[in-house]
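With PDB, C-alpha atoms, pLDDT in the B column inside, this is entry06.pdb:
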```pdb
ATOM      1  CA  MET A   1      -0.215  60.920  14.841  1.00 54.00           C
ATOM      2  CA  LYS A   2      -1.437  60.227  11.319  1.00 50.00           C
ATOM      3  CA  LYS A   3      -2.577  63.078   9.097  1.00 50.00           C
ATOM      4  CA  SER A   4      -6.140  63.079   7.843  1.00 48.00           C
ATOM      5  CA  GLY A   5      -6.563  62.459   4.129  1.00 50.00           C
ATOM      6  CA  ILE A   6     -10.062  63.918   4.050  1.00 52.00           C
ATOM      7  CA  ARG A   7      -9.057  67.386   2.820  1.00 45.00           C
ATOM      8  CA  TYR A   8      -7.365  65.842  -0.241  1.00 44.00           C
ATOM      9  CA  LEU A   9     -10.333  63.586  -0.799  1.00 50.00           C
ATOM     10  CA  ALA A  10     -12.667  66.594  -0.713  1.00 46.00           C
ATOM     11  CA  LEU A  11     -10.636  68.302  -3.457  1.00 40.00           C
ATOM     12  CA  PHE A  12     -10.560  65.087  -5.509  1.00 45.00           C
ATOM     13  CA  ALA A  13     -14.341  64.691  -5.086  1.00 47.00           C
ATOM     14  CA  PHE A  14     -14.911  68.284  -6.175  1.00 43.00           C
ATOM     15  CA  LEU A  15     -12.787  67.818  -9.307  1.00 40.00           C
ATOM     16  CA  ALA A  16     -14.465  64.489 -10.065  1.00 47.00           C
ATOM     17  CA  ALA A  17     -17.915  66.063  -9.702  1.00 46.00           C
ATOM     18  CA  ALA A  18     -16.931  68.924 -12.010  1.00 42.00           C
ATOM     19  CA  ASN A  19     -15.483  66.472 -14.543  1.00 47.00           C
ATOM     20  CA  LEU A  20     -18.518  64.193 -14.477  1.00 45.00           C
ATOM     21  CA  SER A  21     -20.878  67.148 -14.659  1.00 45.00           C
ATOM     22  CA  GLY A  22     -19.064  68.444 -17.737  1.00 45.00           C
ATOM     23  CA  CYS A  23     -19.208  65.018 -19.365  1.00 44.00           C
ATOM     24  CA  ALA A  24     -22.881  64.668 -18.561  1.00 42.00           C
ATOM     25  CA  SER A  25     -23.896  67.953 -20.169  1.00 42.00           C
ATOM     26  CA  ILE A  26     -22.139  66.981 -23.404  1.00 38.00           C
ATOM     27  CA  GLN A  27     -22.948  63.277 -23.588  1.00 45.00           C
ATOM     28  CA  SER A  28     -26.331  62.782 -22.010  1.00 44.00           C
ATOM     29  CA  THR A  29     -29.367  64.389 -20.467  1.00 50.00           C
ATOM     30  CA  LYS A  30     -30.820  61.124 -19.104  1.00 64.00           C
ATOM     31  CA  PRO A  31     -32.664  61.430 -15.764  1.00 69.00           C
ATOM     32  CA  ASP A  32     -30.256  58.942 -14.111  1.00 73.00           C
ATOM     33  CA  VAL A  33     -27.302  61.136 -15.052  1.00 75.00           C
ATOM     34  CA  LYS A  34     -28.965  64.269 -13.642  1.00 82.00           C
ATOM     35  CA  MET A  35     -29.774  62.408 -10.433  1.00 84.00           C
ATOM     36  CA  ALA A  36     -26.184  61.159 -10.243  1.00 81.00           C
ATOM     37  CA  GLU A  37     -24.937  64.747 -10.604  1.00 84.00           C
ATOM     38  CA  ALA A  38     -27.271  65.871  -7.810  1.00 85.00           C
ATOM     39  CA  LYS A  39     -26.009  63.086  -5.532  1.00 83.00           C
ATOM     40  CA  MET A  40     -22.404  64.057  -6.296  1.00 86.00           C
ATOM     41  CA  VAL A  41     -23.091  67.693  -5.384  1.00 87.00           C
ATOM     42  CA  GLU A  42     -24.796  66.610  -2.132  1.00 86.00           C
ATOM     43  CA  ALA A  43     -21.889  64.323  -1.289  1.00 86.00           C
ATOM     44  CA  ALA A  44     -19.277  66.994  -2.089  1.00 86.00           C
ATOM     45  CA  ASP A  45     -21.049  69.529   0.170  1.00 88.00           C
ATOM     46  CA  ALA A  46     -21.293  66.966   2.972  1.00 88.00           C
ATOM     47  CA  LEU A  47     -17.632  66.025   2.510  1.00 89.00           C
ATOM     48  CA  ASP A  48     -16.595  69.663   2.857  1.00 88.00           C
ATOM     49  CA  TYR A  49     -18.407  69.823   6.217  1.00 90.00           C
ATOM     50  CA  VAL A  50     -16.861  66.525   7.360  1.00 91.00           C
ATOM     51  CA  ASN A  51     -13.440  67.834   6.364  1.00 90.00           C
ATOM     52  CA  ARG A  52     -13.852  70.714   8.818  1.00 92.00           C
ATOM     53  CA  GLN A  53     -15.089  68.353  11.546  1.00 92.00           C
ATOM     54  CA  SER A  54     -12.225  65.957  10.886  1.00 92.00           C
ATOM     55  CA  SER A  55      -9.608  68.724  11.082  1.00 92.00           C
ATOM     56  CA  ASP A  56     -11.121  69.831  14.379  1.00 94.00           C
ATOM     57  CA  PHE A  57     -11.060  66.252  15.706  1.00 95.00           C
ATOM     58  CA  TYR A  58      -7.406  65.665  14.756  1.00 95.00           C
ATOM     59  CA  SER A  59      -6.335  69.033  16.181  1.00 95.00           C
ATOM     60  CA  GLN A  60      -8.070  68.391  19.515  1.00 96.00           C
ATOM     61  CA  LEU A  61      -6.875  64.788  19.616  1.00 96.00           C
ATOM     62  CA  GLY A  62      -3.254  65.847  19.098  1.00 96.00           C
ATOM     63  CA  SER A  63      -3.428  68.348  21.964  1.00 97.00           C
ATOM     64  CA  LEU A  64      -5.204  65.873  24.233  1.00 97.00           C
ATOM     65  CA  MET A  65      -2.699  63.092  23.556  1.00 97.00           C
ATOM     66  CA  GLN A  66       0.143  65.436  24.497  1.00 97.00           C
ATOM     67  CA  GLU A  67      -1.689  66.322  27.721  1.00 98.00           C
ATOM     68  CA  ILE A  68      -2.221  62.614  28.503  1.00 98.00           C
ATOM     69  CA  LYS A  69       1.439  61.862  27.756  1.00 97.00           C
ATOM     70  CA  ARG A  70       2.577  64.535  30.234  1.00 97.00           C
ATOM     71  CA  PHE A  71       0.153  63.252  32.870  1.00 98.00           C
ATOM     72  CA  CYS A  72       1.222  59.611  32.456  1.00 97.00           C
ATOM     73  CA  ALA A  73       4.892  60.601  32.768  1.00 97.00           C
ATOM     74  CA  LYS A  74       4.341  61.762  36.359  1.00 96.00           C
ATOM     75  CA  PRO A  75       6.091  59.765  39.092  1.00 96.00           C
ATOM     76  CA  GLY A  76       3.951  56.960  40.458  1.00 97.00           C
ATOM     77  CA  TRP A  77       1.470  56.906  37.591  1.00 97.00           C
ATOM     78  CA  LEU A  78       2.169  53.293  36.586  1.00 96.00           C
ATOM     79  CA  GLU A  79       1.318  52.068  40.084  1.00 97.00           C
ATOM     80  CA  PHE A  80      -1.751  54.318  40.202  1.00 97.00           C
ATOM     81  CA  GLU A  81      -2.826  52.878  36.850  1.00 97.00           C
ATOM     82  CA  GLN A  82      -2.684  49.371  38.305  1.00 96.00           C
ATOM     83  CA  ILE A  83      -4.988  50.411  41.141  1.00 96.00           C
ATOM     84  CA  ILE A  84      -7.499  51.817  38.642  1.00 96.00           C
ATOM     85  CA  LEU A  85      -7.370  48.638  36.570  1.00 95.00           C
ATOM     86  CA  GLU A  86      -7.993  46.594  39.713  1.00 94.00           C
ATOM     87  CA  TYR A  87     -11.111  48.665  40.527  1.00 93.00           C
ATOM     88  CA  PRO A  88     -12.893  49.307  37.187  1.00 89.00           C
ATOM     89  CA  SER A  89     -15.564  51.568  38.735  1.00 88.00           C
ATOM     90  CA  LEU A  90     -12.812  54.174  39.272  1.00 91.00           C
ATOM     91  CA  LYS A  91     -12.625  54.692  35.490  1.00 88.00           C
ATOM     92  CA  ASP A  92     -16.087  56.268  35.309  1.00 87.00           C
ATOM     93  CA  PRO A  93     -15.829  60.037  35.853  1.00 85.00           C
ATOM     94  CA  ASP A  94     -19.519  60.098  36.871  1.00 85.00           C
ATOM     95  CA  ASN A  95     -19.036  57.605  39.748  1.00 85.00           C
ATOM     96  CA  ARG A  96     -18.132  58.762  43.216  1.00 87.00           C
ATOM     97  CA  VAL A  97     -14.970  57.085  44.515  1.00 88.00           C
ATOM     98  CA  GLU A  98     -16.155  54.515  47.067  1.00 88.00           C
ATOM     99  CA  LEU A  99     -13.254  53.807  49.426  1.00 90.00           C
ATOM    100  CA  SER A 100     -13.408  50.206  50.539  1.00 93.00           C
ATOM    101  CA  PRO A 101     -10.795  49.347  53.235  1.00 94.00           C
ATOM    102  CA  PRO A 102      -8.478  47.586  50.716  1.00 94.00           C
ATOM    103  CA  LEU A 103      -8.731  50.482  48.238  1.00 95.00           C
ATOM    104  CA  GLU A 104      -8.154  53.068  50.961  1.00 94.00           C
ATOM    105  CA  LYS A 105      -5.069  51.137  52.066  1.00 95.00           C
ATOM    106  CA  GLN A 106      -3.680  51.029  48.504  1.00 96.00           C
ATOM    107  CA  PHE A 107      -4.264  54.751  47.978  1.00 96.00           C
ATOM    108  CA  SER A 108      -2.692  55.593  51.356  1.00 96.00           C
ATOM    109  CA  GLN A 109       0.389  53.508  50.551  1.00 97.00           C
ATOM    110  CA  TRP A 110       0.638  55.073  47.123  1.00 97.00           C
ATOM    111  CA  GLY A 111       0.351  58.603  48.571  1.00 97.00           C
ATOM    112  CA  ARG A 112       3.068  57.955  51.169  1.00 97.00           C
ATOM    113  CA  LYS A 113       5.400  56.328  48.662  1.00 97.00           C
ATOM    114  CA  TRP A 114       5.095  59.069  46.038  1.00 97.00           C
ATOM    115  CA  LYS A 115       4.480  61.970  48.451  1.00 95.00           C
ATOM    116  CA  SER A 116       1.497  62.945  46.395  1.00 95.00           C
ATOM    117  CA  SER A 117      -2.255  63.315  46.798  1.00 96.00           C
ATOM    118  CA  TRP A 118      -4.141  60.376  45.325  1.00 96.00           C
ATOM    119  CA  GLU A 119      -7.301  62.532  45.310  1.00 95.00           C
ATOM    120  CA  GLN A 120      -5.635  65.133  43.070  1.00 96.00           C
ATOM    121  CA  THR A 121      -4.228  62.419  40.795  1.00 97.00           C
ATOM    122  CA  MET A 122      -7.673  60.830  40.513  1.00 96.00           C
ATOM    123  CA  LEU A 123      -9.225  64.214  39.745  1.00 95.00           C
ATOM    124  CA  GLU A 124      -6.705  64.870  36.947  1.00 96.00           C
ATOM    125  CA  TYR A 125      -7.155  61.348  35.547  1.00 97.00           C
ATOM    126  CA  ARG A 126     -10.945  61.618  35.473  1.00 95.00           C
ATOM    127  CA  TYR A 127     -10.734  65.043  33.865  1.00 95.00           C
ATOM    128  CA  LEU A 128      -8.704  63.492  31.037  1.00 97.00           C
ATOM    129  CA  VAL A 129     -11.154  60.590  30.715  1.00 96.00           C
ATOM    130  CA  ASP A 130     -13.973  63.137  30.428  1.00 95.00           C
ATOM    131  CA  LYS A 131     -12.113  64.936  27.632  1.00 96.00           C
ATOM    132  CA  CYS A 132     -11.517  61.593  25.877  1.00 97.00           C
ATOM    133  CA  ILE A 133     -15.257  60.818  26.019  1.00 95.00           C
ATOM    134  CA  ILE A 134     -16.026  64.149  24.319  1.00 96.00           C
ATOM    135  CA  ILE A 135     -13.368  63.590  21.630  1.00 96.00           C
ATOM    136  CA  GLU A 136     -14.586  60.020  21.110  1.00 96.00           C
ATOM    137  CA  ALA A 137     -18.106  61.340  20.445  1.00 95.00           C
ATOM    138  CA  LYS A 138     -16.657  63.677  17.801  1.00 95.00           C
ATOM    139  CA  ARG A 139     -14.720  60.819  16.198  1.00 95.00           C
ATOM    140  CA  LEU A 140     -17.854  58.679  16.003  1.00 95.00           C
ATOM    141  CA  ALA A 141     -19.870  61.573  14.538  1.00 94.00           C
ATOM    142  CA  VAL A 142     -17.285  62.090  11.772  1.00 94.00           C
ATOM    143  CA  ARG A 143     -17.229  58.335  11.095  1.00 94.00           C
ATOM    144  CA  GLU A 144     -21.027  58.164  10.797  1.00 94.00           C
ATOM    145  CA  ARG A 145     -21.102  61.134   8.424  1.00 92.00           C
ATOM    146  CA  LEU A 146     -18.426  59.509   6.269  1.00 92.00           C
ATOM    147  CA  ILE A 147     -20.629  56.409   5.978  1.00 93.00           C
ATOM    148  CA  ALA A 148     -23.587  58.603   4.924  1.00 92.00           C
ATOM    149  CA  ILE A 149     -21.404  60.290   2.280  1.00 92.00           C
ATOM    150  CA  GLN A 150     -20.269  56.898   0.993  1.00 92.00           C
ATOM    151  CA  ALA A 151     -23.939  55.966   0.559  1.00 91.00           C
ATOM    152  CA  LYS A 152     -24.482  59.071  -1.587  1.00 89.00           C
ATOM    153  CA  TYR A 153     -21.481  58.210  -3.764  1.00 90.00           C
ATOM    154  CA  ILE A 154     -22.680  54.610  -4.126  1.00 91.00           C
ATOM    155  CA  GLN A 155     -26.107  55.881  -5.223  1.00 90.00           C
ATOM    156  CA  ALA A 156     -24.471  58.220  -7.748  1.00 89.00           C
ATOM    157  CA  ALA A 157     -22.283  55.380  -9.073  1.00 89.00           C
ATOM    158  CA  MET A 158     -25.296  53.058  -9.444  1.00 89.00           C
ATOM    159  CA  LEU A 159     -27.208  55.775 -11.326  1.00 88.00           C
ATOM    160  CA  GLU A 160     -24.259  56.221 -13.687  1.00 88.00           C
ATOM    161  CA  PHE A 161     -24.026  52.463 -14.235  1.00 89.00           C
ATOM    162  CA  SER A 162     -27.765  52.255 -14.950  1.00 87.00           C
ATOM    163  CA  ALA A 163     -27.364  55.091 -17.502  1.00 86.00           C
ATOM    164  CA  GLY A 164     -24.711  52.995 -19.261  1.00 88.00           C
ATOM    165  CA  ARG A 165     -21.856  55.253 -18.118  1.00 87.00           C
ATOM    166  CA  GLU A 166     -19.555  52.606 -16.689  1.00 90.00           C
ATOM    167  CA  LYS A 167     -16.414  54.763 -16.711  1.00 91.00           C
ATOM    168  CA  GLN A 168     -18.085  57.539 -14.708  1.00 89.00           C
ATOM    169  CA  GLY A 169     -19.596  54.979 -12.325  1.00 89.00           C
ATOM    170  CA  LYS A 170     -16.161  53.473 -11.663  1.00 91.00           C
ATOM    171  CA  GLU A 171     -14.654  56.923 -11.074  1.00 91.00           C
ATOM    172  CA  ILE A 172     -17.317  57.712  -8.495  1.00 89.00           C
ATOM    173  CA  TYR A 173     -16.926  54.313  -6.848  1.00 89.00           C
ATOM    174  CA  ALA A 174     -13.199  55.021  -6.447  1.00 90.00           C
ATOM    175  CA  LEU A 175     -14.249  57.821  -4.058  1.00 89.00           C
ATOM    176  CA  VAL A 176     -16.115  55.253  -1.946  1.00 89.00           C
ATOM    177  CA  GLU A 177     -12.920  53.211  -1.654  1.00 89.00           C
ATOM    178  CA  LEU A 178     -10.915  56.312  -0.650  1.00 89.00           C
ATOM    179  CA  LEU A 179     -13.488  57.064   2.026  1.00 91.00           C
ATOM    180  CA  ASP A 180     -13.052  53.490   3.289  1.00 90.00           C
ATOM    181  CA  LYS A 181      -9.378  54.260   3.946  1.00 91.00           C
ATOM    182  CA  THR A 182     -10.249  57.526   5.686  1.00 90.00           C
ATOM    183  CA  GLY A 183     -12.813  55.696   7.825  1.00 91.00           C
ATOM    184  CA  ALA A 184     -10.262  53.023   8.734  1.00 92.00           C
ATOM    185  CA  GLU A 185      -7.821  55.740   9.807  1.00 92.00           C
ATOM    186  CA  LEU A 186     -10.469  57.290  12.068  1.00 92.00           C
ATOM    187  CA  GLN A 187     -11.332  53.852  13.423  1.00 91.00           C
ATOM    188  CA  SER A 188      -7.709  53.272  14.372  1.00 92.00           C
ATOM    189  CA  TYR A 189      -7.995  55.842  17.166  1.00 93.00           C
ATOM    190  CA  GLN A 190      -9.485  54.107  20.183  1.00 90.00           C
ATOM    191  CA  THR A 191      -9.320  54.707  23.910  1.00 94.00           C
ATOM    192  CA  ASP A 192      -7.416  52.128  25.972  1.00 95.00           C
ATOM    193  CA  ASP A 193      -8.528  50.126  29.023  1.00 94.00           C
ATOM    194  CA  LEU A 194      -8.290  53.258  31.146  1.00 96.00           C
ATOM    195  CA  GLY A 195     -10.461  55.281  28.775  1.00 95.00           C
ATOM    196  CA  LEU A 196      -7.497  57.342  27.532  1.00 97.00           C
ATOM    197  CA  TYR A 197      -6.170  58.000  24.036  1.00 95.00           C
ATOM    198  CA  ARG A 198      -2.526  56.884  23.982  1.00 89.00           C
TER     199      ARG A 198
END
```

Before we go any further, please render this structure as structure tokens.
Amino acid sequence: MKKSGIRYLALFAFLAAANLSGCASIQSTKPDVKMAEAKMVEAADALDYVNRQSSDFYSQLGSLMQEIKRFCAKPGWLEFEQIILEYPSLKDPDNRVELSPPLEKQFSQWGRKWKSSWEQTMLEYRYLVDKCIIIEAKRLAVRERLIAIQAKYIQAAMLEFSAGREKQGKEIYALVELLDKTGAELQSYQTDDLGLYR
């Protein structure tokens, strides 16, 4: 699993904010510069919070993926997976399993072949899907907050540009581009057709 780059970005953002703030106090007291500094402080605080959320997401995701890997390594899982893919309603942990005669026959054959309870396997599978739904919500929340932070940095960069401080504006905009990479990394984690992270 990839490592999150957010914690390094947070440190870089903090140093950039300190650097720009120092430059601003010496070079200019224009309102745009003060507003840019305020936006940078807001963004840095928000980024610190997102860093904690991101670390939590990656930690939980790593544990969950190991749990899913162990579950999918069980004998008979590949055949069970095919049954689930054939009956998409089985993927929803909130739906009751409706046993049509063909589905009941498939589950009975599977149970006899693998000497295992299909009900227990379904219960374990749905439990993992439930956990993936919760983790997915966390991933989306982190992604949305990153977008909000990018907006703050863009505003700060525009304020610096409008104050004639092109160098500082470009430095701030570089943070936006780093956040793009972090967002793309988060976006790369998606559940598969069975609703599992693999």

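Between atom CA of A:Val129 and atom CA of A:Pro93 the interatomic distance comes to 7.0 Å.
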
Requested in this report: Please write as a ChimeraX atom specification the list of polymer residues whose atoms come within 12 Å of (-15.1, 59.7, 33.2), counting only C-alpha atoms and keeping to the coordinates of the file.
Outcome: /A:88-97,122-134,194-196

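One finds atom CA of A:Phe80 at 8.2 Å from atom CA of A:Phe107.
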
Report task. Work out how far apart atom CA of A:Tyr197 and atom CA of A:Glu119 are and give it in Å to one decimal. Result -> 21.8 Å

Shell of 9 Å around stretch 140-150 of chain A, all atoms listed in the file, local chain residues under 2 positions omitted, as a PDB file with C-alpha atoms, keeping the file's coordinate frame:
```
ATOM      1  CA  GLU A  42     -24.796  66.610  -2.132  1.00 86.00           C
ATOM      2  CA  ALA A  43     -21.889  64.323  -1.289  1.00 86.00           C
ATOM      3  CA  ALA A  44     -19.277  66.994  -2.089  1.00 86.00           C
ATOM      4  CA  ALA A  46     -21.293  66.966   2.972  1.00 88.00           C
ATOM      5  CA  LEU A  47     -17.632  66.025   2.510  1.00 89.00           C
ATOM      6  CA  VAL A  50     -16.861  66.525   7.360  1.00 91.00           C
ATOM      7  CA  ASN A  51     -13.440  67.834   6.364  1.00 90.00           C
ATOM      8  CA  GLN A  53     -15.089  68.353  11.546  1.00 92.00           C
ATOM      9  CA  SER A  54     -12.225  65.957  10.886  1.00 92.00           C
ATOM     10  CA  PHE A  57     -11.060  66.252  15.706  1.00 95.00           C
ATOM     11  CA  ILE A 135     -13.368  63.590  21.630  1.00 96.00           C
ATOM     12  CA  GLU A 136     -14.586  60.020  21.110  1.00 96.00           C
ATOM     13  CA  ALA A 137     -18.106  61.340  20.445  1.00 95.00           C
ATOM     14  CA  LYS A 138     -16.657  63.677  17.801  1.00 95.00           C
ATOM     15  CA  LYS A 152     -24.482  59.071  -1.587  1.00 89.00           C
ATOM     16  CA  TYR A 153     -21.481  58.210  -3.764  1.00 90.00           C
ATOM     17  CA  ILE A 154     -22.680  54.610  -4.126  1.00 91.00           C
ATOM     18  CA  GLN A 155     -26.107  55.881  -5.223  1.00 90.00           C
ATOM     19  CA  TYR A 173     -16.926  54.313  -6.848  1.00 89.00           C
ATOM     20  CA  LEU A 175     -14.249  57.821  -4.058  1.00 89.00           C
ATOM     21  CA  VAL A 176     -16.115  55.253  -1.946  1.00 89.00           C
ATOM     22  CA  GLU A 177     -12.920  53.211  -1.654  1.00 89.00           C
ATOM     23  CA  LEU A 179     -13.488  57.064   2.026  1.00 91.00           C
ATOM     24  CA  ASP A 180     -13.052  53.490   3.289  1.00 90.00           C
ATOM     25  CA  THR A 182     -10.249  57.526   5.686  1.00 90.00           C
ATOM     26  CA  GLY A 183     -12.813  55.696   7.825  1.00 91.00           C
ATOM     27  CA  LEU A 186     -10.469  57.290  12.068  1.00 92.00           C
ATOM     28  CA  GLN A 187     -11.332  53.852  13.423  1.00 91.00           C
TER      29      GLN A 187
END
```

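Nearest to A:Ile172 of all the residues A:Lys113, A:Lys74, A:Lys34, A:Lys39 is A:Lys39, based on all atoms listed in the file.
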
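Nearest to A:Lys105 of all the residues A:Met35, A:Met158, A:Trp118, A:Asp56 is A:Trp118, counting all atoms listed in the file.
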
Query - Pick from A:Val41, A:Ile68, A:Leu61, A:Ala174, whichever lies nearest to A:Ala157 using all atoms listed in the file - result: A:Ala174

**Report entry** Contacts of A:Trp77 at 12 Å (all atoms listed in the file; same-chain gap of 4+ positions) as a PyMOL selection string
**Finding:** chain A and resi 68-73+81-84+110-111+113-114+116-118+121-122+124-125

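Each of A:Leu78, A:Ala151, A:Ala156, A:Leu85 was checked against A:Met40 using all atoms listed in the file; the smallest atom-to-atom distance is that of A:Ala156.
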
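Closest approach to A:Glu79 among A:Ala163, A:Pro101, A:Gln106, A:Ser59 is made by A:Gln106 (distances from all atoms listed in the file).
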
Padded axis-aligned box of stretch 113-120 of chain A (5 Å per side), centre and edge lengths, Å, one decimal, as AutoDock Vina command-line options:
```
--center_x -1.0 --center_y 60.7 --center_z 45.9 --size_x 22.7 --size_y 18.8 --size_z 15.6
```
